[in-house]
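Note sheet for the following structure.
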Amino acid sequence: MAQLLLVEDDSEVRSRLVRALGERGHAVASAPTGMDGIRRAVNARPDLVILDLGLPDLDGAEVLRMLRAVSSVPVIVATARDDEREIERILNAGADDYLVKPFGAGQLDARVRAVLRRADDPGAAAREVRVGGLRMNAAAREASLDGRPLELSPKEFDLLLYLASRPGQVVSKRELLTEVWHVPLGGANKTIDVHVAWLRRKLGESASRPRYLRSVRGSGIKIVDPS
């Protein structure tokens, strides 16, 4: 049974989610403010925190920053804020997943279980991923190409690691938006195209002369060993 902490100021939403997650086999404690959430997270050491951003005392982003200073507990942000830049900022600040309200309890439960599975498998994060001359270490968040370090932004690293973990497999934009950006399909398509273009430059290739990153028209993108 997972021990969850829900930090949510809306009493109706808080009660509904505590009840629904409890019915799905979790033990759920709750906090109505950011400071109370931080105190409970430090003292009770839950397995995972579900964090709203619109809290009455502290912005949820500040709560996340304070949590990350003292704890590596997995955090799922569950909020009404759906701005793409805000989502990227929060994920880069250390959130493990981002869920936009309104959502069903079943979807939240699935996200909780997925994040907990990743947290319970530290060996998977520590393994090195290799494709041709590309080397990536998820735990150290380091990447190199033909022995030379690659300077990647957090989202560039996440995108390249996701593709490199699936060599030869065509990955759709829908899947990338869900698994890397944690947003539904929509206007973020251009964000993927921009990040792929940035990665291509750093990998020494272009769309017209690809080496590692191959676009498959109408399907998505895949990474291959250029040799």
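Starting from 1 in every chain, residues are counted up; chains themselves are A, B, ... following the order of the structure tokens, and ligands are numbered from 1 as listed.
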List the neighbours of Arg135 in chain A out to 10 Å using only C-alpha atoms; skip same-chain residues closer than 4 positions along the sequence, and give me the result as a short mmCIF file (atom, residue, chain, number, x, y, z; two decimals) with C-alpha atoms, in the first residue's frame.
```cif
data_model
loop_
_atom_site.label_atom_id
_atom_site.label_comp_id
_atom_site.auth_asym_id
_atom_site.auth_seq_id
_atom_site.Cartn_x
_atom_site.Cartn_y
_atom_site.Cartn_z
CA GLU A 128 23.85 3.38 -19.44
CA VAL A 129 22.06 3.71 -22.76
CA ARG A 130 24.16 3.29 -25.90
CA VAL A 131 23.30 3.89 -29.55
CA GLU A 142 25.28 12.89 -18.62
CA ALA A 143 25.55 12.35 -22.37
CA SER A 144 28.47 12.05 -24.74
CA LEU A 145 28.93 11.55 -28.48
CA ASP A 146 32.03 9.75 -29.71
CA GLY A 147 33.67 10.42 -26.34
CA ARG A 148 32.88 14.14 -26.28
CA PRO A 149 30.41 15.52 -23.69
CA LEU A 150 27.08 16.76 -25.03
CA LEU A 161 17.09 9.55 -23.52
CA ALA A 164 17.76 6.26 -27.17
#
```
Note to self: I'd like the contact shell of Leu4 in chain A - 7 Å cut-off, only C-alpha atoms, skipping same-chain residues fewer than 5 positions apart - returned as a list in words.
What the structure shows: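 Neighbouring residues, sequence-local ones excluded: His26, Ala27, Val28, Ala29, Pro46, Asp47, Leu48 and Val49 of chain A.
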Write out the residues from the selection above, keeping N, CA and C atoms, as a PDB file, in the first residue's frame.
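File produced: out_0.pdb:
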```
ATOM      1  N   HIS A  26      -4.632   2.958  -1.879  1.00  0.00           N
ATOM      2  CA  HIS A  26      -3.587   3.804  -1.322  1.00  0.00           C
ATOM      3  C   HIS A  26      -3.988   4.323   0.065  1.00  0.00           C
ATOM      4  N   ALA A  27      -2.991   4.619   0.879  1.00  0.00           N
ATOM      5  CA  ALA A  27      -3.224   5.315   2.137  1.00  0.00           C
ATOM      6  C   ALA A  27      -2.912   6.787   1.899  1.00  0.00           C
ATOM      7  N   VAL A  28      -3.894   7.651   2.085  1.00  0.00           N
ATOM      8  CA  VAL A  28      -3.751   9.049   1.679  1.00  0.00           C
ATOM      9  C   VAL A  28      -3.909   9.989   2.861  1.00  0.00           C
ATOM     10  N   ALA A  29      -2.872  10.784   3.124  1.00  0.00           N
ATOM     11  CA  ALA A  29      -2.956  11.898   4.060  1.00  0.00           C
ATOM     12  C   ALA A  29      -3.081  13.172   3.227  1.00  0.00           C
ATOM     13  N   PRO A  46       6.225  10.354   3.054  1.00  0.00           N
ATOM     14  CA  PRO A  46       5.329   9.577   2.177  1.00  0.00           C
ATOM     15  C   PRO A  46       6.085   9.008   0.991  1.00  0.00           C
ATOM     16  N   ASP A  47       5.445   8.061   0.321  1.00  0.00           N
ATOM     17  CA  ASP A  47       6.044   7.479  -0.878  1.00  0.00           C
ATOM     18  C   ASP A  47       5.937   8.415  -2.076  1.00  0.00           C
ATOM     19  N   LEU A  48       4.925   9.295  -2.055  1.00  0.00           N
ATOM     20  CA  LEU A  48       4.710  10.200  -3.184  1.00  0.00           C
ATOM     21  C   LEU A  48       3.851  11.376  -2.730  1.00  0.00           C
ATOM     22  N   VAL A  49       4.101  12.540  -3.310  1.00  0.00           N
ATOM     23  CA  VAL A  49       3.331  13.752  -3.004  1.00  0.00           C
ATOM     24  C   VAL A  49       2.565  14.186  -4.260  1.00  0.00           C
TER      25      VAL A  49
END
```
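Contact shell of Lys202 in chain A at 9 Å (only C-alpha atoms; same-chain neighbours under 5 positions omitted): Leu150, Glu151, Leu152 and Ala197 of chain A.
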Those in range 91-220 of chain A with alpha helix (DSSP H) from DSSP, as number ranges by chain: A: 91-92, 105-119, 122-126, 154-164, 173-176, 189-202
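Considering the residues A:Ala78, A:Arg174, A:Gly220, A:Gly168 and counting only C-alpha atoms, Ala105 in chain A has its shortest atom-to-atom contact with A:Ala78.
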In Å and to one decimal, CA of Asp36 in chain A is distant from CA of Leu55 in chain A by 10.8 Å
All strand (DSSP E or B) residues (DSSP, backbone) inside range 17-186 of chain A, as an NGL selection string: :A and (27-31 or 48-51 or 54 or 59 or 75-79 or 97-100 or 128-131 or 134-137 or 142-145 or 148-149 or 171)
message: Give me, as a VMD selection string, all polymer residues having an atom no more than 9 Å from Leu64 in chain A, counting only C-alpha atoms and skipping those fewer than 4 positions away in the same chain.
response: chain A and resid 38 51 59 to 60 68 to 69 75 77 90 93 to 95
Next, write the just-selected residues to a file, as a PDB file, in the first residue's frame, keeping all heavy atoms as the atom set.
```
ATOM      1  N   ILE A  38       4.692  20.682   3.395  1.00  0.00           N
ATOM      2  CA  ILE A  38       6.131  20.498   3.589  1.00  0.00           C
ATOM      3  C   ILE A  38       6.403  19.814   4.927  1.00  0.00           C
ATOM      4  O   ILE A  38       7.205  18.879   5.023  1.00  0.00           O
ATOM      5  CB  ILE A  38       6.855  21.858   3.514  1.00  0.00           C
ATOM      6  CG1 ILE A  38       6.763  22.409   2.085  1.00  0.00           C
ATOM      7  CG2 ILE A  38       8.318  21.716   3.947  1.00  0.00           C
ATOM      8  CD1 ILE A  38       7.201  23.847   1.970  1.00  0.00           C
ATOM      9  N   LEU A  51       0.730  17.432  -5.619  1.00  0.00           N
ATOM     10  CA  LEU A  51       0.841  18.841  -5.241  1.00  0.00           C
ATOM     11  C   LEU A  51       0.061  19.749  -6.175  1.00  0.00           C
ATOM     12  O   LEU A  51       0.287  19.758  -7.387  1.00  0.00           O
ATOM     13  CB  LEU A  51       2.329  19.233  -5.257  1.00  0.00           C
ATOM     14  CG  LEU A  51       2.674  20.699  -5.006  1.00  0.00           C
ATOM     15  CD1 LEU A  51       2.304  21.115  -3.593  1.00  0.00           C
ATOM     16  CD2 LEU A  51       4.169  20.926  -5.264  1.00  0.00           C
ATOM     17  N   ASP A  59       3.012  29.548  -3.332  1.00  0.00           N
ATOM     18  CA  ASP A  59       2.782  28.979  -4.655  1.00  0.00           C
ATOM     19  C   ASP A  59       3.360  27.573  -4.679  1.00  0.00           C
ATOM     20  O   ASP A  59       4.407  27.299  -4.073  1.00  0.00           O
ATOM     21  CB  ASP A  59       3.456  29.838  -5.720  1.00  0.00           C
ATOM     22  CG  ASP A  59       3.105  29.363  -7.124  1.00  0.00           C
ATOM     23  OD1 ASP A  59       2.022  29.719  -7.614  1.00  0.00           O
ATOM     24  OD2 ASP A  59       3.901  28.610  -7.711  1.00  0.00           O
ATOM     25  N   GLY A  60       2.665  26.665  -5.367  1.00  0.00           N
ATOM     26  CA  GLY A  60       3.118  25.288  -5.394  1.00  0.00           C
ATOM     27  C   GLY A  60       4.526  25.122  -5.942  1.00  0.00           C
ATOM     28  O   GLY A  60       5.254  24.200  -5.550  1.00  0.00           O
ATOM     29  N   ARG A  68      12.335  19.829  -2.766  1.00  0.00           N
ATOM     30  CA  ARG A  68      13.517  19.290  -3.431  1.00  0.00           C
ATOM     31  C   ARG A  68      14.802  19.609  -2.677  1.00  0.00           C
ATOM     32  O   ARG A  68      15.805  18.925  -2.835  1.00  0.00           O
ATOM     33  CB  ARG A  68      13.600  19.833  -4.862  1.00  0.00           C
ATOM     34  CG  ARG A  68      12.685  19.097  -5.819  1.00  0.00           C
ATOM     35  CD  ARG A  68      13.189  17.663  -6.057  1.00  0.00           C
ATOM     36  NE  ARG A  68      12.176  16.798  -6.661  1.00  0.00           N
ATOM     37  CZ  ARG A  68      11.431  15.952  -5.994  1.00  0.00           C
ATOM     38  NH1 ARG A  68      11.544  15.829  -4.687  1.00  0.00           N
ATOM     39  NH2 ARG A  68      10.550  15.177  -6.597  1.00  0.00           N
ATOM     40  N   ALA A  69      14.770  20.635  -1.848  1.00  0.00           N
ATOM     41  CA  ALA A  69      15.951  20.975  -1.052  1.00  0.00           C
ATOM     42  C   ALA A  69      16.180  19.983   0.086  1.00  0.00           C
ATOM     43  O   ALA A  69      17.304  19.860   0.586  1.00  0.00           O
ATOM     44  CB  ALA A  69      15.811  22.388  -0.484  1.00  0.00           C
ATOM     45  N   VAL A  75       7.097  13.603  -6.869  1.00  0.00           N
ATOM     46  CA  VAL A  75       6.044  14.624  -6.809  1.00  0.00           C
ATOM     47  C   VAL A  75       5.281  14.652  -8.125  1.00  0.00           C
ATOM     48  O   VAL A  75       5.883  14.792  -9.194  1.00  0.00           O
ATOM     49  CB  VAL A  75       6.628  16.015  -6.518  1.00  0.00           C
ATOM     50  CG1 VAL A  75       5.515  17.073  -6.551  1.00  0.00           C
ATOM     51  CG2 VAL A  75       7.351  16.038  -5.179  1.00  0.00           C
ATOM     52  N   VAL A  77       2.545  16.994  -9.863  1.00  0.00           N
ATOM     53  CA  VAL A  77       1.825  18.262  -9.782  1.00  0.00           C
ATOM     54  C   VAL A  77       0.465  18.072 -10.446  1.00  0.00           C
ATOM     55  O   VAL A  77       0.380  17.600 -11.583  1.00  0.00           O
ATOM     56  CB  VAL A  77       2.622  19.388 -10.455  1.00  0.00           C
ATOM     57  CG1 VAL A  77       1.757  20.632 -10.628  1.00  0.00           C
ATOM     58  CG2 VAL A  77       3.859  19.719  -9.641  1.00  0.00           C
ATOM     59  N   ILE A  90       7.993  23.625 -14.363  1.00  0.00           N
ATOM     60  CA  ILE A  90       7.759  22.814 -13.172  1.00  0.00           C
ATOM     61  C   ILE A  90       8.439  21.451 -13.300  1.00  0.00           C
ATOM     62  O   ILE A  90       9.051  20.940 -12.345  1.00  0.00           O
ATOM     63  CB  ILE A  90       6.243  22.635 -12.941  1.00  0.00           C
ATOM     64  CG1 ILE A  90       5.602  23.990 -12.596  1.00  0.00           C
ATOM     65  CG2 ILE A  90       5.980  21.626 -11.835  1.00  0.00           C
ATOM     66  CD1 ILE A  90       6.117  24.628 -11.318  1.00  0.00           C
ATOM     67  N   ALA A  93      12.008  21.822 -12.771  1.00  0.00           N
ATOM     68  CA  ALA A  93      12.317  22.149 -11.376  1.00  0.00           C
ATOM     69  C   ALA A  93      12.308  20.920 -10.476  1.00  0.00           C
ATOM     70  O   ALA A  93      12.650  21.026  -9.295  1.00  0.00           O
ATOM     71  CB  ALA A  93      11.324  23.186 -10.851  1.00  0.00           C
ATOM     72  N   GLY A  94      11.892  19.765 -11.025  1.00  0.00           N
ATOM     73  CA  GLY A  94      11.989  18.555 -10.219  1.00  0.00           C
ATOM     74  C   GLY A  94      10.722  17.756 -10.057  1.00  0.00           C
ATOM     75  O   GLY A  94      10.732  16.722  -9.383  1.00  0.00           O
ATOM     76  N   ALA A  95       9.601  18.203 -10.654  1.00  0.00           N
ATOM     77  CA  ALA A  95       8.386  17.392 -10.588  1.00  0.00           C
ATOM     78  C   ALA A  95       8.560  16.141 -11.441  1.00  0.00           C
ATOM     79  O   ALA A  95       9.222  16.168 -12.474  1.00  0.00           O
ATOM     80  CB  ALA A  95       7.182  18.190 -11.074  1.00  0.00           C
TER      81      ALA A  95
END
```
Expressed in Å, the length from CA of Ala31 in chain A to CA of Ser11 in chain A is 9.8 Å
List the neighbours of Gly218 in chain A out to 12 Å using only C-alpha atoms; skip same-chain residues closer than 5 positions along the sequence, and give me the result as a list in words. Val170, Val171, Ser172, Lys173 and Arg174 of chain A
Go ahead and save the picked residues with C-alpha atoms, as a compact mmCIF listing (two decimals), in the first residue's frame.
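Result went into part_10.txt, see below:
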```txt
# COMPACT_ATOMS: atom_id res chain seq x y z
CA VAL A 170 9.26 4.78 -34.24
CA VAL A 171 7.90 7.00 -31.46
CA SER A 172 4.88 9.15 -32.22
CA LYS A 173 4.53 12.79 -31.21
CA ARG A 174 1.52 11.81 -29.13
```
